[in-house]
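Student: Got a structure for you, questions after.
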Amino acid sequence: MPDQHTNQYAIPLLPCMSINQTEDFYKALGAVVTYKQKVPNNYIAFNIWDLELHFFALKQQPDANYSGCYLIVTEIDPIYEVCRASLKSLYGKVPLKGYPRLNPLKDIPAYGVRQFIVVDPNGNYIRVGQRIEKTNSLVFPEKDKPAVTGTPLAKVYELGSRLADAHGDFETAAKVLDKALLTAATNDPLNLLKVLILRADIAARLADANRFNELMAAAEKQLLTLPVEDTIEQRRLLDELKNI
């Protein structure tokens, strides 16, 4: 809930196909129902991570839904772990594609956030982020600032991550990353590892088991060439992929 001394705040109001299905999904993530009604219209409100989310019934298919919201939190890692464990318990595995699905937790310096995305059964994009230091994009100019310089692999990683994680366009992201991997420079080992892990994640989402296994093996091999202290985040992402 907003702090009692806060005079102004926003409450996301999102569509859902089924109030009961939406209730089951969000309660699995730790949400508490604060209000529910059937008439004059179906409506439900939750408190989740000390924030409010409200839903109204609307009969539309998830792929026709363009609604979403951004939730800023202060302790994102434990929230992500709860979401991951809860969804795995609810569905028997971490859902990676379709509706619902969970995108990985990662730093996105160009957005100034450490972020993950839950796409709920209704097709709502629930972006959850914790603020980190923002850097300018390697790919796109922002306002009057040009894109900053970076290695080819660093640029393709940012572009691939935007396509896959922010837009859910796994097919295009796969093509971009595969093209880069064909001519990848060996003198940029950390970004090569990041590209391999991102591409492996996309292969899992596309249910391409052979490509997934190939990329995971390449990533594990690449990991051995780098100092442990430089690859903590990449090791976490690899471990998650091993346990999907």
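Just so we're on the same page: first chain in the structure tokens is A, next is B, and so on; residues restart at 1 for each chain, and ligands are numbered from 1 in the order they show up.
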May I have the residues within 8 Å of stretch 206-217 of chain A as a PDB file with C-alpha atoms, in the first residue's frame, using only C-alpha atoms and disregarding those fewer than 4 positions away in the same chain?

Tutor:
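The resulting file, part.pdb, is shown below:
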```pdb
ATOM      1  CA  LYS A  97       6.345 -18.840 -23.408  1.00  0.00           C
ATOM      2  CA  PHE A 170      11.836 -14.314 -29.588  1.00  0.00           C
ATOM      3  CA  GLU A 171      12.084 -15.211 -33.267  1.00  0.00           C
ATOM      4  CA  LEU A 196      25.309 -17.206 -25.539  1.00  0.00           C
ATOM      5  CA  ILE A 197      23.205 -17.285 -22.355  1.00  0.00           C
ATOM      6  CA  ARG A 199      20.359 -17.072 -26.957  1.00  0.00           C
ATOM      7  CA  ALA A 200      20.071 -20.257 -24.875  1.00  0.00           C
ATOM      8  CA  ASP A 201      17.200 -18.705 -22.938  1.00  0.00           C
ATOM      9  CA  ILE A 202      15.453 -17.869 -26.217  1.00  0.00           C
ATOM     10  CA  LYS A 221      32.867 -23.669 -21.918  1.00  0.00           C
ATOM     11  CA  LEU A 238      22.931 -20.404 -16.340  1.00  0.00           C
TER      12      LEU A 238
END
```

Student: List every residue of chain A that DSSP, applied to the backbone of this structure, places in alpha helix (DSSP H), and write the result as an MDAnalysis selection string.

Tutor: chainID A and resid 19:28 76:91 152:161 170:182 189:205 209:223 232:242

Student: Do a neighbour search on stretch 177-181 of chain A at 10 Å with only C-alpha atoms, toss out local chain neighbours closer than 5 positions, and write the hits as a compact mmCIF listing (two decimals) with C-alpha atoms, in the first residue's frame.

Tutor:
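The resulting part-v8.txt:
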```
# COMPACT_ATOMS: atom_id res chain seq x y z
CA PRO A 152 29.63 -5.29 -31.48
CA LEU A 153 28.72 -8.05 -29.02
CA VAL A 156 23.86 -7.05 -30.10
CA TYR A 157 23.28 -8.21 -26.52
CA LEU A 159 19.32 -5.28 -28.92
CA GLY A 160 18.61 -8.98 -28.44
CA SER A 161 17.58 -8.44 -24.82
CA THR A 172 13.61 -11.88 -34.32
CA LEU A 192 30.17 -13.37 -25.79
CA VAL A 195 25.02 -13.41 -25.80
CA LEU A 196 25.31 -17.21 -25.54
CA LEU A 198 20.57 -14.96 -23.81
CA ARG A 199 20.36 -17.07 -26.96
CA ILE A 202 15.45 -17.87 -26.22
```

Student: Using only C-alpha atoms, find the one residue out of A:Glu220, A:Ala203, A:Thr151, A:Tyr26 that sits nearest to A:Asn187.

Tutor: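 Closest to A:Asn187, using only C-alpha atoms: A:Thr151.
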
Student: Looking at A:Pro104, A:Pro78, A:Pro227, A:Gly98, which one is nearest to A:Pro189, with distances taken over only C-alpha atoms?

Tutor: A:Pro227

Student: Please, which residues of stretch 22-182 of chain A, numbered as in this document, come out strand (DSSP E or B) from DSSP, as a count of residues only?

Tutor: 45

Student: Quick one: of A:Phe140, A:Tyr35, A:Tyr66, A:Phe55, who's nearest to A:Gln21, counting only C-alpha atoms?

Tutor: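 Ranking A:Phe140, A:Tyr35, A:Tyr66, A:Phe55 by distance to A:Gln21, first place goes to A:Phe55.
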
Student: With a distance cut-off of 10 Å and only C-alpha atoms, select the neighbouring residues of A:Gln61, excluding the residue or stretch itself and same-chain residues fewer than 2 positions from it, and output the selection as a ChimeraX atom specification.

Tutor: /A:16-17,58-59,63-65,121-123

Student: Between atom CA of A:Ala147 and atom CA of A:Ala219, measure the distance and give it in Å to one decimal.

Tutor: 28.1 Å
